[in-house]
file query-v6.cif (mmCIF, C-alpha atoms and all ligand atoms)
data_query
loop_
_atom_site.label_atom_id
_atom_site.label_comp_id
_atom_site.auth_asym_id
_atom_site.auth_seq_id
_atom_site.Cartn_x
_atom_site.Cartn_y
_atom_site.Cartn_z
CA MET A 148 92.52 119.49 104.83
CA PRO A 149 92.61 115.75 105.51
CA THR A 150 91.18 113.62 102.73
CA THR A 151 89.01 110.63 103.51
CA VAL A 152 89.39 107.69 101.14
CA ARG A 153 87.74 104.31 100.73
CA ALA A 154 89.92 101.32 101.55
CA TYR A 155 89.87 97.59 102.30
CA ALA A 156 91.28 96.39 105.61
CA ALA A 157 92.24 93.13 107.28
CA THR A 158 90.57 93.00 110.68
CA SER A 159 91.64 89.59 112.02
CA PRO A 160 93.72 86.62 110.86
CA THR A 161 90.64 84.80 109.62
CA ASP A 162 87.86 87.25 108.69
CA PRO A 163 87.46 88.39 105.08
CA LEU A 164 88.90 91.81 104.33
CA ALA A 165 86.32 94.52 104.90
CA PRO A 166 85.53 97.91 103.40
CA THR A 167 86.52 100.87 105.53
CA THR A 168 87.60 104.48 105.18
CA ILE A 169 90.84 106.11 106.21
CA ASP A 170 91.73 109.74 106.81
CA LEU A 171 94.94 110.53 104.98
CA ARG A 172 97.25 112.91 106.81
CA ASP A 173 97.28 116.57 105.77
CA VAL A 174 99.52 117.20 102.79
CA GLY A 175 102.61 118.80 104.35
CA PRO A 176 105.01 121.07 102.45
CA ARG A 177 107.12 118.13 101.22
CA ASP A 178 104.26 115.66 100.80
CA VAL A 179 102.64 114.21 97.72
CA ARG A 180 99.05 112.91 97.70
CA ILE A 181 98.59 110.10 95.23
CA ASP A 182 95.39 108.79 93.66
CA ILE A 183 96.06 105.07 93.71
CA ARG A 184 95.03 103.32 90.49
CA TYR A 185 96.47 99.82 90.96
CA VAL A 186 97.98 97.92 93.85
CA GLY A 187 99.66 94.53 93.65
CA ILE A 188 98.96 91.70 96.08
CA CYS A 189 102.34 90.66 97.50
CA HIS A 190 102.59 87.45 99.48
CA SER A 191 103.80 89.62 102.36
CA ASP A 192 100.30 91.16 102.48
CA ILE A 193 98.95 87.68 103.11
CA HIS A 194 101.55 86.79 105.76
CA THR A 195 100.59 90.05 107.52
CA ALA A 196 96.82 89.70 107.10
CA ARG A 197 97.01 86.22 108.61
CA SER A 198 99.40 87.17 111.46
CA GLU A 199 101.98 84.72 110.18
CA TRP A 200 104.85 87.00 111.23
CA GLY A 201 103.72 87.55 114.80
CA ALA A 202 100.71 89.51 115.97
CA THR A 203 99.47 91.98 113.38
CA ARG A 204 97.97 95.28 114.58
CA TYR A 205 94.42 95.31 113.19
CA PRO A 206 92.77 96.88 111.34
CA VAL A 207 95.43 97.16 108.68
CA VAL A 208 95.15 98.36 105.11
CA LEU A 209 97.68 96.24 103.21
CA GLY A 210 99.43 96.96 99.93
CA HIS A 211 102.95 98.14 99.15
CA GLU A 212 102.98 97.76 95.38
CA ILE A 213 101.28 101.04 94.62
CA ALA A 214 100.94 102.80 91.27
CA GLY A 215 98.93 105.95 90.70
CA VAL A 216 98.82 109.57 89.73
CA VAL A 217 99.83 112.64 91.74
CA ALA A 218 96.70 114.44 92.92
CA GLU A 219 98.16 117.16 95.15
CA VAL A 220 101.62 118.41 96.10
CA GLY A 221 102.86 120.42 99.08
CA ALA A 222 104.26 123.93 98.61
CA GLU A 223 107.91 122.82 98.73
CA VAL A 224 107.64 119.74 96.53
CA SER A 225 110.03 120.13 93.63
CA ARG A 226 110.20 116.76 91.92
CA PHE A 227 106.55 116.02 91.22
CA ARG A 228 103.57 117.75 89.71
CA VAL A 229 99.88 116.96 89.70
CA GLY A 230 99.24 114.35 87.03
CA ASP A 231 102.65 112.63 87.23
CA ARG A 232 102.62 108.81 87.14
CA VAL A 233 104.20 107.58 90.34
CA GLY A 234 104.71 104.58 92.58
CA VAL A 235 105.22 103.76 96.25
CA GLY A 236 106.85 100.58 97.51
CA CYS A 237 107.55 99.18 100.96
CA LEU A 238 109.26 102.27 102.40
CA VAL A 239 107.54 105.59 103.16
CA ASP A 240 110.09 107.24 105.46
CA SER A 241 113.34 106.77 107.37
CA CYS A 242 115.65 108.83 109.59
CA ARG A 243 117.51 110.22 106.52
CA GLU A 244 120.58 110.91 108.69
CA CYS A 245 122.24 107.61 109.46
CA ARG A 246 125.02 106.44 107.19
CA TYR A 247 122.76 103.99 105.38
CA CYS A 248 120.07 106.58 104.69
CA ARG A 249 122.71 109.01 103.50
CA ARG A 250 124.00 106.53 100.97
CA GLY A 251 120.49 105.69 99.74
CA ASP A 252 120.09 102.35 101.51
CA GLU A 253 117.07 103.32 103.59
CA GLN A 254 116.22 99.63 104.02
CA PHE A 255 119.16 99.49 106.46
CA CYS A 256 118.20 102.65 108.41
CA THR A 257 119.60 102.28 111.91
CA GLU A 258 116.45 103.86 113.35
CA GLY A 259 114.28 101.40 111.45
CA TYR A 260 112.51 102.61 108.33
CA VAL A 261 108.80 103.37 108.23
CA GLU A 262 106.96 100.67 106.32
CA THR A 263 104.07 101.51 104.05
CA TYR A 264 101.73 99.61 106.34
CA SER A 265 101.99 98.14 109.84
CA SER A 266 104.49 100.80 110.99
CA THR A 267 103.99 103.96 113.01
CA GLY A 268 103.99 107.03 110.79
CA ARG A 269 105.45 110.44 111.59
CA ASP A 270 101.99 111.55 112.79
CA GLY A 271 102.10 108.78 115.39
CA ARG A 272 99.33 106.80 113.73
CA PRO A 273 99.70 103.32 112.21
CA THR A 274 100.66 103.56 108.53
CA GLN A 275 98.07 102.28 106.07
CA GLY A 276 98.90 100.85 102.68
CA GLY A 277 97.63 100.79 99.16
CA TYR A 278 94.38 98.82 99.17
CA ALA A 279 92.88 102.30 99.17
CA GLU A 280 91.97 105.16 96.89
CA GLY A 281 94.84 107.33 98.02
CA ILE A 282 97.98 107.77 100.11
CA VAL A 283 100.11 110.69 101.28
CA VAL A 284 103.88 110.16 101.13
CA THR A 285 106.85 112.48 101.54
CA GLU A 286 108.29 113.19 98.08
CA ASP A 287 111.66 111.56 98.79
CA PHE A 288 109.95 108.18 98.99
CA VAL A 289 107.88 108.54 95.82
CA LEU A 290 109.12 106.83 92.66
CA ARG A 291 108.65 107.96 89.10
CA ILE A 292 107.06 105.38 86.79
CA PRO A 293 108.79 105.68 83.43
CA ASP A 294 106.76 106.33 80.27
CA GLY A 295 106.21 103.06 78.53
CA LEU A 296 105.42 101.15 81.72
CA ALA A 297 101.66 100.92 82.20
CA LEU A 298 100.57 101.49 85.79
CA ASP A 299 98.96 98.07 86.29
CA VAL A 300 102.03 96.10 85.25
CA ALA A 301 104.40 98.53 86.96
CA ALA A 302 102.74 98.27 90.38
CA PRO A 303 104.23 94.86 91.34
CA LEU A 304 107.72 96.10 90.50
CA LEU A 305 107.57 98.43 93.52
CA CYS A 306 108.12 95.46 95.85
CA ALA A 307 108.67 92.28 93.81
CA GLY A 308 110.84 94.14 91.29
CA VAL A 309 113.29 95.74 93.68
CA THR A 310 113.38 92.68 95.94
CA VAL A 311 114.86 90.61 93.12
CA TYR A 312 116.79 93.37 91.33
CA SER A 313 118.80 94.32 94.43
CA PRO A 314 120.31 90.86 95.16
CA LEU A 315 120.84 90.11 91.47
CA ARG A 316 122.95 93.27 91.24
CA HIS A 317 124.62 92.81 94.62
CA TRP A 318 125.74 89.25 93.86
CA GLY A 319 126.81 90.13 90.35
CA ALA A 320 124.35 88.29 88.12
CA GLY A 321 125.47 88.85 84.54
CA PRO A 322 127.14 87.24 81.57
CA GLY A 323 128.90 84.05 82.62
CA THR A 324 126.90 83.56 85.82
CA ARG A 325 124.45 80.73 86.33
CA VAL A 326 121.39 81.81 88.29
CA ALA A 327 118.57 79.60 89.56
CA VAL A 328 115.25 81.11 90.58
CA VAL A 329 113.31 78.93 92.99
CA GLY A 330 109.53 79.51 92.82
CA LEU A 331 107.87 81.06 89.79
CA GLY A 332 105.49 83.40 91.58
CA GLY A 333 105.31 87.18 91.92
CA LEU A 334 108.98 87.65 92.83
CA GLY A 335 110.19 84.73 90.76
CA HIS A 336 108.68 85.76 87.44
CA VAL A 337 110.30 89.20 87.70
CA ALA A 338 113.60 87.65 88.83
CA VAL A 339 113.74 85.51 85.69
CA GLN A 340 113.22 88.55 83.47
CA VAL A 341 115.76 90.74 85.28
CA ALA A 342 118.43 88.02 85.52
CA ALA A 343 118.04 87.25 81.82
CA ALA A 344 118.23 90.95 80.93
CA LEU A 345 121.44 91.21 82.96
CA GLY A 346 122.89 88.47 80.78
CA ALA A 347 122.88 85.56 83.25
CA GLU A 348 122.03 81.98 82.31
CA VAL A 349 118.75 81.41 84.12
CA THR A 350 117.12 78.23 85.37
CA VAL A 351 113.67 78.08 86.94
CA LEU A 352 113.15 75.59 89.74
CA SER A 353 109.43 75.20 90.24
CA GLN A 354 107.40 72.59 92.07
CA SER A 355 106.09 71.22 88.77
CA LEU A 356 106.48 71.61 85.02
CA ARG A 357 103.10 73.37 84.82
CA LYS A 358 104.60 76.78 84.14
CA GLN A 359 107.53 75.63 81.99
CA GLU A 360 106.38 77.40 78.84
CA ASP A 361 106.03 80.68 80.74
CA GLY A 362 109.41 80.34 82.42
CA LEU A 363 111.18 79.86 79.10
CA ARG A 364 109.21 82.71 77.50
CA LEU A 365 110.17 85.02 80.39
CA GLY A 366 113.84 84.43 79.63
CA ALA A 367 114.96 81.23 81.38
CA GLY A 368 117.20 78.92 79.40
CA HIS A 369 116.31 75.90 81.53
CA TYR A 370 113.46 74.76 83.72
CA ALA A 371 113.22 71.88 86.18
CA ALA A 372 110.63 70.52 88.57
CA THR A 373 111.82 70.23 92.17
CA SER A 374 109.34 67.38 92.63
CA ALA A 375 111.08 65.22 90.01
CA PRO A 376 113.21 62.60 91.78
CA ASP A 377 116.42 63.25 89.83
CA THR A 378 116.42 67.09 89.75
CA PHE A 379 118.69 67.76 92.73
CA ALA A 380 121.20 65.07 91.77
CA ARG A 381 121.25 66.16 88.13
CA LEU A 382 121.77 69.86 88.93
CA ALA A 383 124.18 69.41 91.85
CA GLY A 384 126.98 72.00 91.84
CA SER A 385 125.68 73.82 88.78
CA PHE A 386 124.81 77.37 89.94
CA ASP A 387 126.66 80.45 91.13
CA LEU A 388 123.58 82.09 92.61
CA VAL A 389 120.28 80.63 93.78
CA LEU A 390 117.45 83.03 94.63
CA ASN A 391 114.87 81.35 96.83
CA THR A 392 111.53 83.14 96.48
CA VAL A 393 109.43 80.43 98.11
CA SER A 394 106.94 81.73 100.68
CA ALA A 395 107.10 78.52 102.74
CA SER A 396 110.02 76.77 104.47
CA VAL A 397 112.32 74.81 102.18
CA ASP A 398 115.07 72.23 102.61
CA VAL A 399 118.00 74.68 102.66
CA ASP A 400 120.61 71.92 102.48
CA ALA A 401 119.06 70.58 99.29
CA TYR A 402 119.26 73.99 97.62
CA LEU A 403 122.82 74.51 98.83
CA SER A 404 123.77 71.27 97.08
CA LEU A 405 122.96 72.99 93.78
CA LEU A 406 125.74 75.58 94.21
CA ASP A 407 129.19 75.48 92.68
CA VAL A 408 132.28 76.60 94.66
CA ASP A 409 131.85 80.08 96.21
CA GLY A 410 128.17 80.12 95.28
CA THR A 411 125.47 81.90 97.27
CA LEU A 412 121.94 80.92 98.18
CA VAL A 413 119.93 84.08 98.82
CA ASN A 414 116.69 83.66 100.72
CA LEU A 415 114.07 86.18 99.67
CA GLY A 416 111.04 84.29 100.95
CA ILE A 417 110.07 85.04 104.55
CA PRO A 418 108.44 81.84 105.78
CA GLU A 419 106.33 81.73 108.88
CA HIS A 420 108.66 79.30 110.64
CA PRO A 421 112.46 79.38 111.10
CA GLN A 422 114.60 77.48 108.61
CA SER A 423 117.75 75.66 109.63
CA LEU A 424 120.71 74.27 107.76
CA ASP A 425 123.64 71.96 108.30
CA VAL A 426 126.99 73.81 108.33
CA ALA A 427 128.46 70.83 106.49
CA SER A 428 126.39 71.87 103.47
CA LEU A 429 128.38 75.11 103.24
CA LEU A 430 131.78 73.82 104.16
CA MET A 431 133.15 71.80 101.29
CA ARG A 432 132.55 74.35 98.54
CA ARG A 433 132.93 77.59 100.58
CA LEU A 434 129.27 78.46 100.05
CA SER A 435 127.32 81.37 101.50
CA TYR A 436 123.77 81.44 102.77
CA ALA A 437 122.33 84.95 102.66
CA ALA A 438 119.06 86.85 102.69
CA SER A 439 118.02 90.19 101.29
CA ASN A 440 115.29 92.67 102.14
CA ILE A 441 113.77 94.88 99.39
CA GLY A 442 116.10 97.74 98.32
CA GLY A 443 116.52 101.47 98.85
CA ILE A 444 114.71 104.28 97.05
CA ARG A 445 117.55 105.06 94.66
CA GLU A 446 117.84 101.42 93.68
CA THR A 447 114.08 101.15 93.26
CA GLN A 448 114.13 104.01 90.76
CA GLU A 449 117.11 102.41 89.00
CA MET A 450 115.15 99.14 88.81
CA LEU A 451 112.07 100.87 87.32
CA ASP A 452 114.22 102.57 84.69
CA PHE A 453 116.01 99.28 83.96
CA CYS A 454 112.68 97.46 83.54
CA ALA A 455 111.34 100.16 81.22
CA ALA A 456 114.54 100.07 79.14
CA HIS A 457 114.42 96.26 78.83
CA GLY A 458 110.67 95.85 78.33
CA ILE A 459 110.30 94.11 81.68
CA ALA A 460 106.99 94.24 83.55
CA ALA A 461 104.87 92.08 85.78
CA GLU A 462 102.35 89.74 84.24
CA VAL A 463 99.15 90.50 86.07
CA GLU A 464 95.60 89.35 86.64
CA THR A 465 93.59 92.46 87.42
CA ILE A 466 90.73 92.04 89.87
CA GLY A 467 88.09 94.07 91.64
CA VAL A 468 88.54 94.54 95.36
CA ASP A 469 85.60 92.22 96.07
CA ARG A 470 87.80 89.30 94.93
CA VAL A 471 90.72 89.98 97.24
CA ASP A 472 90.03 87.08 99.64
CA GLU A 473 89.76 84.63 96.77
CA ALA A 474 92.99 86.09 95.38
CA PHE A 475 94.78 85.51 98.71
CA ASP A 476 93.77 81.84 98.64
CA ARG A 477 94.86 81.49 95.04
CA VAL A 478 98.28 83.07 95.75
CA VAL A 479 98.82 80.61 98.61
CA ALA A 480 97.89 77.79 96.20
CA SER A 481 100.43 79.15 93.62
CA ASP A 482 97.48 79.68 91.28
CA VAL A 483 98.21 83.06 89.71
CA ARG A 484 100.16 84.08 86.63
CA TYR A 485 101.87 85.93 88.12
CA ARG A 486 100.59 88.78 90.26
CA PHE A 487 97.11 89.87 91.25
CA VAL A 488 96.63 93.60 90.91
CA ILE A 489 93.63 95.33 92.41
CA ASP A 490 91.94 97.98 90.28
CA THR A 491 91.18 100.56 92.97
CA ALA A 492 88.37 102.08 90.87
CA THR A 493 86.35 99.15 92.23
CA LEU A 494 86.52 100.63 95.74
CA ALA A 495 84.04 103.31 94.70
P1 LIG B 1 104.14 84.04 95.54
O1 LIG B 1 103.68 84.83 94.37
O2 LIG B 1 103.16 83.26 96.32
O3 LIG B 1 105.33 83.09 95.00
C1 LIG B 1 105.93 82.12 95.80
C2 LIG B 1 106.22 80.88 94.93
O4 LIG B 1 106.84 79.92 95.77
C3 LIG B 1 105.00 80.20 94.38
O5 LIG B 1 104.59 80.74 93.16
C4 LIG B 1 105.49 78.77 94.21
O6 LIG B 1 106.22 78.67 93.00
C5 LIG B 1 106.47 78.62 95.35
N1 LIG B 1 105.86 77.95 96.51
C6 LIG B 1 104.78 78.34 97.23
N2 LIG B 1 104.53 77.49 98.24
C7 LIG B 1 105.48 76.52 98.16
C8 LIG B 1 105.75 75.35 98.92
N3 LIG B 1 105.00 75.02 99.98
N4 LIG B 1 106.82 74.62 98.56
C9 LIG B 1 107.58 74.95 97.50
N5 LIG B 1 107.36 76.03 96.74
C10 LIG B 1 106.31 76.78 97.06
O7 LIG B 1 104.85 84.98 96.60
P2 LIG B 1 105.73 86.30 96.38
O8 LIG B 1 104.86 87.50 96.50
O9 LIG B 1 106.59 86.11 95.21
O10 LIG B 1 106.59 86.28 97.74
C11 LIG B 1 107.43 85.18 98.02
C12 LIG B 1 107.99 85.27 99.42
O11 LIG B 1 108.88 86.38 99.47
C13 LIG B 1 106.95 85.54 100.52
O12 LIG B 1 107.36 84.85 101.69
C14 LIG B 1 107.05 87.04 100.74
O13 LIG B 1 106.64 87.44 102.01
C15 LIG B 1 108.53 87.23 100.56
N6 LIG B 1 108.94 88.59 100.20
C16 LIG B 1 110.15 88.99 100.65
C17 LIG B 1 110.62 90.23 100.32
C18 LIG B 1 111.97 90.62 100.76
O14 LIG B 1 112.28 91.82 100.80
N7 LIG B 1 112.85 89.69 101.06
C19 LIG B 1 109.85 91.09 99.54
C20 LIG B 1 108.63 90.63 99.06
C21 LIG B 1 108.17 89.38 99.40
P3 LIG B 1 106.07 77.41 92.02
O15 LIG B 1 104.59 77.26 91.77
O16 LIG B 1 106.83 77.82 90.81
O17 LIG B 1 106.67 76.24 92.71
ZN ZN B 2 106.01 92.88 99.09
ZN ZN B 3 118.48 106.11 108.69
#
call {"tool": "encode", "arguments": {"input": "query-v6.cif", "output": "structure tokens", "more": "lines below"}}
Ligand code: NAP
Ligand code: ZN
Ligand code: ZN
result
Amino acid sequence: MPTTVRAYAATSPTDPLAPTTIDLRDVGPRDVRIDIRYVGICHSDIHTARSEWGATRYPVVLGHEIAGVVAEVGAEVSRFRVGDRVGVGCLVDSCRECRYCRRGDEQFCTEGYVETYSSTGRDGRPTQGGYAEGIVVTEDFVLRIPDGLALDVAAPLLCAGVTVYSPLRHWGAGPGTRVAVVGLGGLGHVAVQVAAALGAEVTVLSQSLRKQEDGLRLGAGHYAATSAPDTFARLAGSFDLVLNTVSASVDVDAYLSLLDVDGTLVNLGIPEHPQSLDVASLLMRRLSYAASNIGGIRETQEMLDFCAAHGIAAEVETIGVDRVDEAFDRVVASDVRYRFVIDTATLA
């Protein structure tokens, strides 16, 4: 039997989000139906709601930082039981057969993975995300939330967490590496914690010194304001890895100047407009400019377990769904410490 749930949807680039209902697909033999308890507001939700990445298909229920409790399982589900604490991130399906899916890197699926929202699901309908009371997901794409991680502070890890964990691991952040995190927002504040837990020397590069105390408390050894006139000159050549989490376009050449020989600037932010760079900025110190998109399911579980083991969680401001538009504006204004999380009980 399909289940109808209450949800909040974006209906145009400019209108406030509006209450709606969605019919979840029937729970198939390998499916899990989840009662969503909390859902984080990722900046990607805002880019999508406002059609900043090309034309969005409306109406769309956003949300890919989902934490909840299993409400129903299909007959062949083996890994989950009703009552389990679970999460869903940006991926809800993929081909499962290509070489990337087979090695657990579904984010590189050659067929294109199915995104939690704004994709076409296996039933042919547009997928709808987590600003809702429930979701049905095939068990292979459901994550286990470890004991000791509360659901509200775990939710943002499902996107922000894996998006920073994956490149930090890939580019070898650890003892002896100097990592800069640009932008202390949703992604950035988790990146600081993970990089510090991996043993790297961490510097926060924020627009101002407003959040300095938080940055140092989260595990950074250093903190600098990018608006200060001497910052780029003072820190030139002093990092092995720079993670750019800024949601807007930045001066790529300026951030490349901060790297030491063989260093890498990894772009995680997905700005509305293209960013360019001068090849000369890479040349003299054999630098790399890279980007990274979320992470696969196996790595997402690894990240959740790592966070639980190291006491890492998101710092959240929990809101009712009636405040979601105000929250969007505040995220764009960098006025949240550090992730809004919607309490889905307020949908009722
Ligand atoms: P967020 O919470 O808004 O954080 C972005 C931070 O960037 C802000 O806190 C602010 O930090 C800084 N910032 C914002 N506007 C700026 C500007 N005009 N100039 C300089 N700095 C500015 O956003 P988020 O949820 O962390 O997401 C960040 C970006 O990553 C978004 O574009 C999002 O779509 C993208 N994203 C990518 C992936 C991926 O897989 N690659 C996954 C999730 C999200 P300070 O106040 O410290 O300066
Ligand atoms: Zn996201
Ligand atoms: Zn595949």
call {"tool": "residues_around", "arguments": {"input": "query-v6.cif", "residues": "A:Arg269", "least_positions_apart": "2", "cutoff": "12 Å", "atoms": "only C-alpha atoms", "output": "ChimeraX atom specification"}}
result
/A:172-173,175,239-242,260-263,266-267,271-274,283-285
call {"tool": "residues_near_ligand", "arguments": {"input": "query-v6.cif", "ligand": "ligand ZN 2 (chain B)", "cutoff": "9 Å", "atoms": "all atoms listed in the file", "output": "PyMOL selection string"}}
result
chain A and resi 187-192+210-212+236-237+303+305-307+310+334+441
call {"tool": "closest_residue", "arguments": {"input": "query-v6.cif", "among": "A:Ala367, A:Val328, A:Ala455, A:Ile169", "to": "A:Gln354", "atoms": "all atoms listed in the file"}}
result
A:Val328
call {"tool": "atom_distance", "arguments": {"input": "query-v6.cif", "atom1": "atom CA of A:Thr150", "atom2": "atom CA of A:Glu280"}}
result
10.3 Å
call {"tool": "residues_near_ligand", "arguments": {"input": "query-v6.cif", "ligand": "ligand LIG 1 (chain B)", "cutoff": "8 Å", "atoms": "all atoms listed in the file", "output": "ChimeraX atom specification"}}
result
/A:188-194,306-307,310,329-335,351-355,358,373,392-397,414-419,438-442,478-483,485-486
call {"tool": "write_last_selection", "arguments": {"input": "query-v6.cif", "atoms": "C-alpha atoms", "output": "mmCIF file, in the coordinates of the input"}}
result
data_model
loop_
_atom_site.group_PDB
_atom_site.id
_atom_site.type_symbol
_atom_site.label_atom_id
_atom_site.label_comp_id
_atom_site.auth_asym_id
_atom_site.auth_seq_id
_atom_site.Cartn_x
_atom_site.Cartn_y
_atom_site.Cartn_z
ATOM 1 C CA ILE A 188 98.960 91.700 96.080
ATOM 2 C CA CYS A 189 102.340 90.660 97.500
ATOM 3 C CA HIS A 190 102.590 87.450 99.480
ATOM 4 C CA SER A 191 103.800 89.620 102.360
ATOM 5 C CA ASP A 192 100.300 91.160 102.480
ATOM 6 C CA ILE A 193 98.950 87.680 103.110
ATOM 7 C CA HIS A 194 101.550 86.790 105.760
ATOM 8 C CA CYS A 306 108.120 95.460 95.850
ATOM 9 C CA ALA A 307 108.670 92.280 93.810
ATOM 10 C CA THR A 310 113.380 92.680 95.940
ATOM 11 C CA VAL A 329 113.310 78.930 92.990
ATOM 12 C CA GLY A 330 109.530 79.510 92.820
ATOM 13 C CA LEU A 331 107.870 81.060 89.790
ATOM 14 C CA GLY A 332 105.490 83.400 91.580
ATOM 15 C CA GLY A 333 105.310 87.180 91.920
ATOM 16 C CA LEU A 334 108.980 87.650 92.830
ATOM 17 C CA GLY A 335 110.190 84.730 90.760
ATOM 18 C CA VAL A 351 113.670 78.080 86.940
ATOM 19 C CA LEU A 352 113.150 75.590 89.740
ATOM 20 C CA SER A 353 109.430 75.200 90.240
ATOM 21 C CA GLN A 354 107.400 72.590 92.070
ATOM 22 C CA SER A 355 106.090 71.220 88.770
ATOM 23 C CA LYS A 358 104.600 76.780 84.140
ATOM 24 C CA THR A 373 111.820 70.230 92.170
ATOM 25 C CA THR A 392 111.530 83.140 96.480
ATOM 26 C CA VAL A 393 109.430 80.430 98.110
ATOM 27 C CA SER A 394 106.940 81.730 100.680
ATOM 28 C CA ALA A 395 107.100 78.520 102.740
ATOM 29 C CA SER A 396 110.020 76.770 104.470
ATOM 30 C CA VAL A 397 112.320 74.810 102.180
ATOM 31 C CA ASN A 414 116.690 83.660 100.720
ATOM 32 C CA LEU A 415 114.070 86.180 99.670
ATOM 33 C CA GLY A 416 111.040 84.290 100.950
ATOM 34 C CA ILE A 417 110.070 85.040 104.550
ATOM 35 C CA PRO A 418 108.440 81.840 105.780
ATOM 36 C CA GLU A 419 106.330 81.730 108.880
ATOM 37 C CA ALA A 438 119.060 86.850 102.690
ATOM 38 C CA SER A 439 118.020 90.190 101.290
ATOM 39 C CA ASN A 440 115.290 92.670 102.140
ATOM 40 C CA ILE A 441 113.770 94.880 99.390
ATOM 41 C CA GLY A 442 116.100 97.740 98.320
ATOM 42 C CA VAL A 478 98.280 83.070 95.750
ATOM 43 C CA VAL A 479 98.820 80.610 98.610
ATOM 44 C CA ALA A 480 97.890 77.790 96.200
ATOM 45 C CA SER A 481 100.430 79.150 93.620
ATOM 46 C CA ASP A 482 97.480 79.680 91.280
ATOM 47 C CA VAL A 483 98.210 83.060 89.710
ATOM 48 C CA TYR A 485 101.870 85.930 88.120
ATOM 49 C CA ARG A 486 100.590 88.780 90.260
#
call {"tool": "closest_residue", "arguments": {"input": "query-v6.cif", "among": "A:Thr158, A:Thr350, A:Thr168, A:Thr257", "to": "ligand ZN 3 (chain B)", "atoms": "all atoms listed in the file"}}
result
A:Thr257
call {"tool": "closest_atom_pairs", "arguments": {"input": "query-v6.cif", "of": "chain A", "to": "ligand ZN 3 (chain B)", "cutoff": "9 Å", "atoms": "only C-alpha atoms and all ligand atoms", "output": "Markdown table"}}
result
| residue | atom | partner | partner_atom | distance |
| --- | --- | --- | --- | --- |
| A:Ser241 | CA | B:ZN3 | ZN | 5.3 |
| A:Cys242 | CA | B:ZN3 | ZN | 4.0 |
| A:Arg243 | CA | B:ZN3 | ZN | 4.7 |
| A:Glu244 | CA | B:ZN3 | ZN | 5.2 |
| A:Cys245 | CA | B:ZN3 | ZN | 4.1 |
| A:Arg246 | CA | B:ZN3 | ZN | 6.7 |
| A:Tyr247 | CA | B:ZN3 | ZN | 5.8 |
| A:Cys248 | CA | B:ZN3 | ZN | 4.3 |
| A:Arg249 | CA | B:ZN3 | ZN | 7.3 |
| A:Asp252 | CA | B:ZN3 | ZN | 8.3 |
| A:Glu253 | CA | B:ZN3 | ZN | 6.0 |
| A:Gln254 | CA | B:ZN3 | ZN | 8.3 |
| A:Phe255 | CA | B:ZN3 | ZN | 7.0 |
| A:Cys256 | CA | B:ZN3 | ZN | 3.5 |
| A:Thr257 | CA | B:ZN3 | ZN | 5.1 |
| A:Glu258 | CA | B:ZN3 | ZN | 5.6 |
| A:Gly259 | CA | B:ZN3 | ZN | 6.9 |
| A:Tyr260 | CA | B:ZN3 | ZN | 6.9 |
call {"tool": "write_last_selection", "arguments": {"input": "query-v6.cif", "atoms": "C-alpha atoms", "output": "compact mmCIF listing (two decimals), keeping the file's coordinate frame"}}
result
# COMPACT_ATOMS: atom_id res chain seq x y z
CA SER A 241 113.34 106.77 107.37
CA CYS A 242 115.65 108.83 109.59
CA ARG A 243 117.51 110.22 106.52
CA GLU A 244 120.58 110.91 108.69
CA CYS A 245 122.24 107.61 109.46
CA ARG A 246 125.02 106.44 107.19
CA TYR A 247 122.76 103.99 105.38
CA CYS A 248 120.07 106.58 104.69
CA ARG A 249 122.71 109.01 103.50
CA ASP A 252 120.09 102.35 101.51
CA GLU A 253 117.07 103.32 103.59
CA GLN A 254 116.22 99.63 104.02
CA PHE A 255 119.16 99.49 106.46
CA CYS A 256 118.20 102.65 108.41
CA THR A 257 119.60 102.28 111.91
CA GLU A 258 116.45 103.86 113.35
CA GLY A 259 114.28 101.40 111.45
CA TYR A 260 112.51 102.61 108.33
call {"tool": "closest_residue", "arguments": {"input": "query-v6.cif", "among": "A:Thr151, A:Glu348, A:Pro160, A:Arg180", "to": "A:Thr195", "atoms": "only C-alpha atoms"}}
result
A:Pro160
call {"tool": "residues_near_point", "arguments": {"input": "query-v6.cif", "point": "(90.9, 91.7, 94.0)", "cutoff": "10 Å", "atoms": "all atoms listed in the file", "output": "ChimeraX atom specification"}}
result
/A:186-188,278,464-475,487-491,493
call {"tool": "residues_around", "arguments": {"input": "query-v6.cif", "residues": "stretch 406-410 of chain A", "least_positions_apart": "2", "cutoff": "6 Å", "atoms": "all atoms listed in the file", "output": "PDB file with C-alpha atoms, in the coordinates of the input"}}
result
ATOM      1  CA  GLY A 384     126.980  72.000  91.840  1.00  0.00           C
ATOM      2  CA  SER A 385     125.680  73.820  88.780  1.00  0.00           C
ATOM      3  CA  PHE A 386     124.810  77.370  89.940  1.00  0.00           C
ATOM      4  CA  ASP A 387     126.660  80.450  91.130  1.00  0.00           C
ATOM      5  CA  LEU A 388     123.580  82.090  92.610  1.00  0.00           C
ATOM      6  CA  LEU A 403     122.820  74.510  98.830  1.00  0.00           C
ATOM      7  CA  SER A 404     123.770  71.270  97.080  1.00  0.00           C
ATOM      8  CA  ARG A 432     132.550  74.350  98.540  1.00  0.00           C
ATOM      9  CA  ARG A 433     132.930  77.590 100.580  1.00  0.00           C
ATOM     10  CA  LEU A 434     129.270  78.460 100.050  1.00  0.00           C
TER      11      LEU A 434
END
call {"tool": "residues_around", "arguments": {"input": "query-v6.cif", "residues": "A:Arg177", "least_positions_apart": "5", "cutoff": "10 Å", "atoms": "all atoms listed in the file", "output": "list in words"}}
result
Val220, Gly221, Ala222, Glu223, Val224, Ser225, Arg226, Val284, Thr285, Glu286 and Asp287 of chain A
